[in-house]
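**Q** Next up is a structure, given as C-alpha cells.
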Amino acid sequence: MVSQEQRRRQLAREKFLRQQQRRTEARRKSRLRNSVIASVLGVVVIGSVALYTTGVLKDDDKKANASAETTPGATPSASPNDKPSDPCKKAAAGSVKKLSWKKEPAMSVDTSAKYTLKLATTCGDIGIALKTSAAPHTVNSFDFLAGEGYFDHTKCHRLTTQGIYVLQCGDPQGTGTGGPGYTLPDENLKDKSLKNNTYPAGTVAMANTGQAHTGGSQFFLVYKDSPLPPSYTPFGTIDAAGMKVLDKIAKAGENTGGGDGAPNATVVIDKATVARS
C-alpha cells in the first residue's frame, strides 16, 4: 500500500513535471513567436532601407538640379546622352614633333609684305591674315614654326564658353604648358581693334603666363567679343570661313560643362602653313 507521504511526493513530482512541460512549451512558443517577429522586422527593415535609399537618391537629384539652376555662373554638366556629336573629321595620319629651340629665330619675314596663316584642321580650314608690320617677331616666329612642322598634328586643347570666348591651340603637349623653348616680346598691345578692354571676334592673339614677354607658341582664336586686358599680342584676323569653323566648334561645347575645358569637338591642326600674299 502507498503511504500518505509517498502519495504526496508522487503528486508533487507530477505537478513539477507538468510545470516543466508548460515552461518548455512556453519557451518553444516564445522562440517561434520571436522568430516570426524577427523575420517580419527583417522584411520591414529591408523595405525601409530600400525606400529610404530611393528617397535619398531622389532628394540628391533634386538638390543637384537645384544647385545647378541656382548657382550663379554654373552650367549643368551635359549627360552622356545630351553630349553633342563630334562635328569634326578624323585627324590626318602623323604624329606631333617634339621640337625645341634655345632662342627666338632670326628675323626672316619681310615686314612690309602681307602674310597669311592657314590652319588646315579636322573641323575645316581657318584662314588668318597676319599683322606682320605690327607684330613682326610674332609673325616671324609663326612662319618659322610652321615651316618646321611644329604645329602639325597638334590638338587645340582649350575652349572657353563663358566670360571669354576663345579656342586655344599651339601646344604640342596638349596640356597648356608646352612651348618652343623660347619666348617672344609682347607686340601691338595698342592695336586700334582693342577697345574698352575687349578682344573682338575674329582676333588671333598670343597666350602667355600673365607676365610680360612670355608668349611662345600658344595662341587663341576669339569667336565672340571677349573682355580681356590688352596684354596678349594680337597678330592676326580670322576670315569668314574660319569664323564658321569656330562657330561649329563652339556649339559643340567643352567637356566640363563649366565653361572652360577641352572642346568636345576633336580639333586637330593637320597642317599649318604661312604664305606670303
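Every chain in the C-alpha cells takes a letter, A first, then B, and so on in the order presented; its residues are numbered from 1, and the ligands are numbered from 1 following the presented order.
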Skip A:Val139 itself and residues of its chain fewer than 5 positions away, then list as a PDB file with C-alpha atoms, in the first residue's frame all residues within 10 Å of it, counting only C-alpha atoms.
**A**
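Output saved as part_6.pdb:
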ATOM      1  CA  MET A 107      64.109  87.650 -88.467  1.00  0.00           C
ATOM      2  CA  SER A 108      63.377  86.403 -91.980  1.00  0.00           C
ATOM      3  CA  VAL A 109      59.943  87.799 -92.890  1.00  0.00           C
ATOM      4  CA  THR A 111      57.754  93.336 -92.523  1.00  0.00           C
ATOM      5  CA  TYR A 115      51.383  87.089 -94.922  1.00  0.00           C
ATOM      6  CA  THR A 116      48.584  84.651 -94.226  1.00  0.00           C
ATOM      7  CA  LEU A 117      48.404  81.687 -91.880  1.00  0.00           C
ATOM      8  CA  LEU A 130      48.722  88.218 -90.232  1.00  0.00           C
ATOM      9  CA  LYS A 131      49.669  91.665 -88.928  1.00  0.00           C
ATOM     10  CA  THR A 132      53.293  91.468 -89.965  1.00  0.00           C
ATOM     11  CA  SER A 133      54.303  95.106 -89.577  1.00  0.00           C
ATOM     12  CA  ALA A 134      52.554  95.472 -86.198  1.00  0.00           C
ATOM     13  CA  PHE A 144      59.482  79.613 -88.631  1.00  0.00           C
ATOM     14  CA  LEU A 145      57.473  77.154 -86.515  1.00  0.00           C
ATOM     15  CA  PHE A 235      48.725  89.312 -84.555  1.00  0.00           C
ATOM     16  CA  GLY A 236      46.001  88.217 -86.951  1.00  0.00           C
ATOM     17  CA  VAL A 274      52.357  80.569 -93.537  1.00  0.00           C
TER      18      VAL A 274
END
**Q** Give me the residues near A:Asn197 as number ranges by chain, where near means some atom within 9 Å (using only C-alpha atoms) and where sequence neighbours in that chain fewer than 4 positions away do not count.
**A** A: 226-230
**Q** Per DSSP on the backbone, what are the strand (DSSP E or B) residues of stretch 184-257 of chain A, as a list of chain:residue names?
**A**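 Restricting stretch 184-257 of chain A to strand (DSSP E or B) produces A:Leu184, A:Lys195, A:Thr198, A:Tyr199, A:Thr203, A:Val204, A:Ala205, A:Met206, A:Gly215, A:Phe219, A:Phe220, A:Leu221, A:Val222, A:Ser226, A:Pro227, A:Pro234, A:Phe235, A:Gly236, A:Thr237, A:Ile238, A:Glu254.
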**Q** Write out, as a tab-separated table (two decimals), in the first residue's frame, the residues just selected, with N, CA and C atoms.
**A**
chain	number	residue	atom	x	y	z
A	184	LEU	N	58.68	85.29	-76.67
A	184	LEU	CA	58.60	86.42	-77.59
A	184	LEU	C	58.24	87.70	-76.85
A	195	LYS	N	39.39	97.83	-78.10
A	195	LYS	CA	38.67	98.94	-77.48
A	195	LYS	C	37.95	98.47	-76.22
A	198	THR	N	38.52	94.91	-74.71
A	198	THR	CA	37.81	93.81	-75.38
A	198	THR	C	38.59	93.36	-76.61
A	199	TYR	N	38.76	92.06	-76.73
A	199	TYR	CA	39.32	91.47	-77.95
A	199	TYR	C	38.13	91.06	-78.82
A	203	THR	N	39.69	87.93	-83.72
A	203	THR	CA	41.08	88.24	-83.36
A	203	THR	C	41.86	86.95	-83.09
A	204	VAL	N	43.12	86.93	-83.50
A	204	VAL	CA	44.04	85.87	-83.11
A	204	VAL	C	45.14	86.52	-82.28
A	205	ALA	N	45.37	86.00	-81.08
A	205	ALA	CA	46.33	86.62	-80.17
A	205	ALA	C	47.17	85.56	-79.47
A	206	MET	N	48.31	86.01	-78.95
A	206	MET	CA	49.20	85.11	-78.24
A	206	MET	C	48.74	84.87	-76.81
A	215	GLY	N	55.10	85.07	-74.23
A	215	GLY	CA	54.46	84.34	-75.31
A	215	GLY	C	55.42	83.34	-75.92
A	219	PHE	N	48.43	80.13	-78.87
A	219	PHE	CA	47.66	81.27	-79.33
A	219	PHE	C	46.17	80.97	-79.17
A	220	PHE	N	45.36	82.02	-79.19
A	220	PHE	CA	43.92	81.78	-79.08
A	220	PHE	C	43.17	82.53	-80.18
A	221	LEU	N	42.07	81.90	-80.60
A	221	LEU	CA	41.22	82.45	-81.64
A	221	LEU	C	39.90	82.87	-81.00
A	222	VAL	N	39.56	84.14	-81.15
A	222	VAL	CA	38.37	84.70	-80.50
A	222	VAL	C	37.17	84.54	-81.42
A	226	SER	N	35.35	89.30	-76.47
A	226	SER	CA	35.77	88.80	-75.16
A	226	SER	C	36.46	89.89	-74.34
A	227	PRO	N	35.96	90.15	-73.12
A	227	PRO	CA	36.59	91.17	-72.27
A	227	PRO	C	37.93	90.68	-71.72
A	234	PRO	N	47.95	90.81	-80.26
A	234	PRO	CA	47.05	90.49	-81.37
A	234	PRO	C	47.85	90.50	-82.67
A	235	PHE	N	47.86	89.38	-83.38
A	235	PHE	CA	48.73	89.31	-84.56
A	235	PHE	C	48.02	88.83	-85.81
A	236	GLY	N	46.69	88.67	-85.76
A	236	GLY	CA	46.00	88.22	-86.95
A	236	GLY	C	44.50	88.39	-86.86
A	237	THR	N	43.85	88.27	-88.03
A	237	THR	CA	42.39	88.37	-88.12
A	237	THR	C	41.86	87.18	-88.92
A	238	ILE	N	40.85	86.53	-88.37
A	238	ILE	CA	40.29	85.30	-88.97
A	238	ILE	C	39.33	85.64	-90.11
A	254	GLU	N	32.31	72.36	-74.45
A	254	GLU	CA	33.53	71.81	-73.86
A	254	GLU	C	33.18	70.74	-72.85
**Q** Which residues are near A:Asp171? Cut-off 7 Å, only C-alpha atoms, ignore same chain within fewer than 5 positions. Put them as a PyMOL selection string.
**A** chain A and resi 154+176+178-179+217-218
**Q** Please write the residues from the selection above to a file, keeping C-alpha atoms, as an mmCIF file, in the first residue's frame.
**A**
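File produced: result.cif:
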data_model
loop_
_atom_site.group_PDB
_atom_site.id
_atom_site.type_symbol
_atom_site.label_atom_id
_atom_site.label_comp_id
_atom_site.auth_asym_id
_atom_site.auth_seq_id
_atom_site.Cartn_x
_atom_site.Cartn_y
_atom_site.Cartn_z
ATOM 1 C CA THR A 154 48.659 69.226 -82.569
ATOM 2 C CA GLY A 176 48.538 74.187 -71.911
ATOM 3 C CA GLY A 178 54.103 73.391 -73.803
ATOM 4 C CA GLY A 179 56.177 75.822 -75.819
ATOM 5 C CA SER A 217 53.726 79.083 -79.465
ATOM 6 C CA GLN A 218 50.289 79.000 -77.862
#
**Q** Counting only C-alpha atoms, figure out which residue out of A:Trp101, A:Tyr232, A:Tyr223, A:Phe142 gets nearest to A:Tyr182.
**A**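 Closest residue, counting only C-alpha atoms: A:Trp101.
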**Q** Quick one: residues within 6 Å of A:Ile269, only C-alpha atoms counted, chain neighbours fewer than 3 positions away excluded, as an NGL selection string?
**A** :A and (120-121 or 152-154)
